[in-house]
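Engineer: Before anything else, here's the structure in question.
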Amino acid sequence: MSEKCKQIFILSGQSNMAGRGGIITETHHHHRYKHWDGVVPPECRPCPSILRLTAHLYWEEAREPLHADIDTRKACGVGPGMAFANAVREHLDGTLGLVPCAVGGTSIKEWARGEELYENMVKRAKAAVAEGGEIKAVLWYQGESDTSTAEDAAAYQGRMEKLISDIRDDLKLPLLPIIQVALASGDEKYIEKIRAVQLGMKVPNVVCVDAKGLKLNSDNLHLTTESQIQLGLMLANAYLCHFQPPALAPEKSLPCSDSKGLDE
């Protein structure tokens, strides 16, 4: 990465962060398979000043699908990362680096310290700054896999707060900004309990944007491409409103009150 790259963002969680926008299902010789439709909206266009850290820990120009070599067991499409990056890059100085880490179908306990997903995320985050730069925030969209049982729903807040504490500790960034997404979908049994935790979290430098109401694919679980663009812009606005110096904040944006949290 260029030595001028000072702005690094971790993208983590499960499938709606990895991106399923534009995923279509086709049948061939009686076998159903899923693949990305290849459509890249203008908001998600590649840019020479936006890079991604590959699975092999080198930098390349970022382009959709960002998680293709990370979330390898499922077809990846458009997520919120590129729309986010394009929206914030003009307000930042230098190159912007994205570090995709999300893996579909994963529960919060699989992201605990010591588990493979967590350790890989930390490894990638450290590799991202090995040659300079600064981790500016973690974008986190996860929780659908924790909406099915009372036990998982009850444990979610403690597990999420522990995750935030651990990653800040391991990266030696005690006030690392975390921007999490309140669920748009999940098991109706406990989705509202998970959403209440996400929207009501009282941890410093943690804010939440609400994905409820964004249009879903036909599976009623994953966000459409259009919704992923909307989410990326919401995440960008939350970052610029809450964590950017006022001089670099956007002149026109959604009201900062659209994101919740940041309690001291």
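If you're wondering about the labels, chains in the structure tokens are A, B, ... by order shown, residues count from 1 in each chain, ligands from 1 in order shown.
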Could you give me the residues within segment 59-239 of chain A that DSSP places in strand (DSSP E), as a list in words?
Structural biologist: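 Put together, the selection reads Trp59, Glu60, Glu61, Leu96, Gly97, Leu98, Val99, Pro100, Glu134, Ile135, Lys136, Ala137, Val138, Leu139, Trp140, Tyr141, Ile178, Ile179, Gln180, Val181, Ala182, Val206, Val207, Cys208, Val209 and Asp210 of chain A.
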Engineer: Enumerate, in order of chain and increasing residue number, the residues of segment 68-130 of chain A with an atom no farther than 10 Å from segment 18-39 of chain A, each with its shortest atom pair and distance in Å to one decimal, counting only C-alpha atoms, as CSV.
Structural biologist:
residue,atom,partner,partner_atom,distance
A:Ala68,CA,A:Ala18,CA,8.3
A:Ile70,CA,A:Ala18,CA,8.4
A:Asp71,CA,A:Ala18,CA,6.8
A:Lys74,CA,A:Lys34,CA,8.2
A:Ala75,CA,A:His35,CA,5.5
A:Cys76,CA,A:Arg20,CA,5.5
A:Gly77,CA,A:Arg20,CA,4.6
A:Val78,CA,A:Gly21,CA,4.4
A:Gly79,CA,A:Gly19,CA,3.6
A:Pro80,CA,A:Gly19,CA,7.1
A:Gly81,CA,A:Ala18,CA,8.6
A:Pro100,CA,A:Ala18,CA,7.5
A:Cys101,CA,A:Ala18,CA,7.8
A:Ala102,CA,A:Ala18,CA,5.2
A:Val103,CA,A:Ala18,CA,6.4
A:Gly104,CA,A:Ala18,CA,6.9
Engineer: Can you spit out the residues from that selection as a short mmCIF file (atom, residue, chain, number, x, y, z; two decimals), in the first residue's frame, using N, CA and C atoms?
Structural biologist:
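For reference, result_34.cif as written:
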data_model
loop_
_atom_site.label_atom_id
_atom_site.label_comp_id
_atom_site.auth_asym_id
_atom_site.auth_seq_id
_atom_site.Cartn_x
_atom_site.Cartn_y
_atom_site.Cartn_z
N ALA A 68 -15.00 -11.85 -1.94
CA ALA A 68 -14.98 -13.05 -2.77
C ALA A 68 -13.94 -14.08 -2.31
N ILE A 70 -12.71 -14.17 0.82
CA ILE A 70 -12.80 -14.27 2.28
C ILE A 70 -13.96 -15.19 2.69
N ASP A 71 -15.14 -14.88 2.21
CA ASP A 71 -16.34 -15.69 2.49
C ASP A 71 -16.50 -16.68 1.34
N LYS A 74 -19.77 -19.39 0.09
CA LYS A 74 -21.01 -18.91 -0.52
C LYS A 74 -20.69 -17.92 -1.64
N ALA A 75 -21.65 -17.71 -2.52
CA ALA A 75 -21.48 -16.71 -3.56
C ALA A 75 -21.58 -15.32 -2.95
N CYS A 76 -20.60 -14.49 -3.23
CA CYS A 76 -20.59 -13.12 -2.71
C CYS A 76 -20.98 -12.14 -3.81
N GLY A 77 -21.71 -11.12 -3.41
CA GLY A 77 -22.10 -10.06 -4.32
C GLY A 77 -21.78 -8.71 -3.71
N VAL A 78 -22.69 -7.77 -3.94
CA VAL A 78 -22.48 -6.40 -3.46
C VAL A 78 -22.81 -6.31 -1.97
N GLY A 79 -21.89 -5.74 -1.21
CA GLY A 79 -22.10 -5.43 0.20
C GLY A 79 -22.05 -3.92 0.39
N PRO A 80 -21.99 -3.46 1.62
CA PRO A 80 -21.98 -2.02 1.87
C PRO A 80 -20.61 -1.36 1.75
N GLY A 81 -19.55 -2.15 1.64
CA GLY A 81 -18.20 -1.61 1.75
C GLY A 81 -17.80 -0.60 0.69
N PRO A 100 -11.71 -6.67 4.38
CA PRO A 100 -12.87 -7.55 4.51
C PRO A 100 -12.56 -8.76 5.39
N CYS A 101 -13.48 -9.06 6.32
CA CYS A 101 -13.30 -10.17 7.26
C CYS A 101 -14.58 -10.97 7.48
N ALA A 102 -15.71 -10.53 6.93
CA ALA A 102 -17.01 -11.12 7.25
C ALA A 102 -17.17 -12.51 6.64
N VAL A 103 -17.89 -13.37 7.36
CA VAL A 103 -18.17 -14.73 6.89
C VAL A 103 -19.63 -15.05 7.18
N GLY A 104 -20.35 -15.47 6.16
CA GLY A 104 -21.77 -15.72 6.28
C GLY A 104 -22.12 -16.85 7.23
#
Engineer: Between A:Leu171, A:Ser145, A:Gln157, A:Cys241, which residue has the minimum interatomic distance to Glu119 of chain A, considering only C-alpha atoms?
Structural biologist: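 Among A:Leu171, A:Ser145, A:Gln157, A:Cys241, it is A:Leu171 that comes nearest to Glu119 of chain A.
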Engineer: Calculated over only C-alpha atoms, which of the candidates A:Gly213, A:Asn205, A:Lys162, A:Lys136 has the smallest distance to Ser227 of chain A?
Structural biologist: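 So, comparing all the options, the nearest one is A:Gly213.
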Engineer: Measuring between only C-alpha atoms, which one of A:Leu139, A:Val203, A:Ala153, A:Leu175 shows the shortest distance to Asp187 of chain A?
Structural biologist: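 The closest residue to Asp187 of chain A is A:Ala153.
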Engineer: Give me, as JSON lines, the closest atom pair and its distance (Å, one decimal) for every residue of segment 74-183 of chain A within a cut-off of 9 Å of segment 230-235 of chain A, counting only C-alpha atoms, rows sorted by chain and rising number.
Structural biologist:
{"residue": "A:Gly79", "atom": "CA", "partner": "A:Gly232", "partner_atom": "CA", "distance": 7.9}
{"residue": "A:Pro80", "atom": "CA", "partner": "A:Gly232", "partner_atom": "CA", "distance": 4.2}
{"residue": "A:Gly81", "atom": "CA", "partner": "A:Gly232", "partner_atom": "CA", "distance": 6.2}
{"residue": "A:Met82", "atom": "CA", "partner": "A:Gly232", "partner_atom": "CA", "distance": 7.3}
{"residue": "A:Ala83", "atom": "CA", "partner": "A:Gly232", "partner_atom": "CA", "distance": 4.9}
{"residue": "A:Phe84", "atom": "CA", "partner": "A:Gly232", "partner_atom": "CA", "distance": 4.2}
{"residue": "A:Ala85", "atom": "CA", "partner": "A:Gly232", "partner_atom": "CA", "distance": 7.9}
{"residue": "A:Asn86", "atom": "CA", "partner": "A:Leu233", "partner_atom": "CA", "distance": 8.9}
{"residue": "A:Ala87", "atom": "CA", "partner": "A:Leu233", "partner_atom": "CA", "distance": 6.5}
{"residue": "A:Val88", "atom": "CA", "partner": "A:Leu233", "partner_atom": "CA", "distance": 8.7}
{"residue": "A:Leu139", "atom": "CA", "partner": "A:Leu235", "partner_atom": "CA", "distance": 7.7}
{"residue": "A:Ile179", "atom": "CA", "partner": "A:Leu235", "partner_atom": "CA", "distance": 7.1}
{"residue": "A:Gln180", "atom": "CA", "partner": "A:Leu235", "partner_atom": "CA", "distance": 8.5}
{"residue": "A:Val181", "atom": "CA", "partner": "A:Leu235", "partner_atom": "CA", "distance": 8.3}
Engineer: I'd like to know which of A:Glu161, A:Glu60, A:Glu90, A:Glu226 is closest to Val197 of chain A, using only C-alpha atoms.
Structural biologist: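 Smallest distance to Val197 of chain A is found for A:Glu161.
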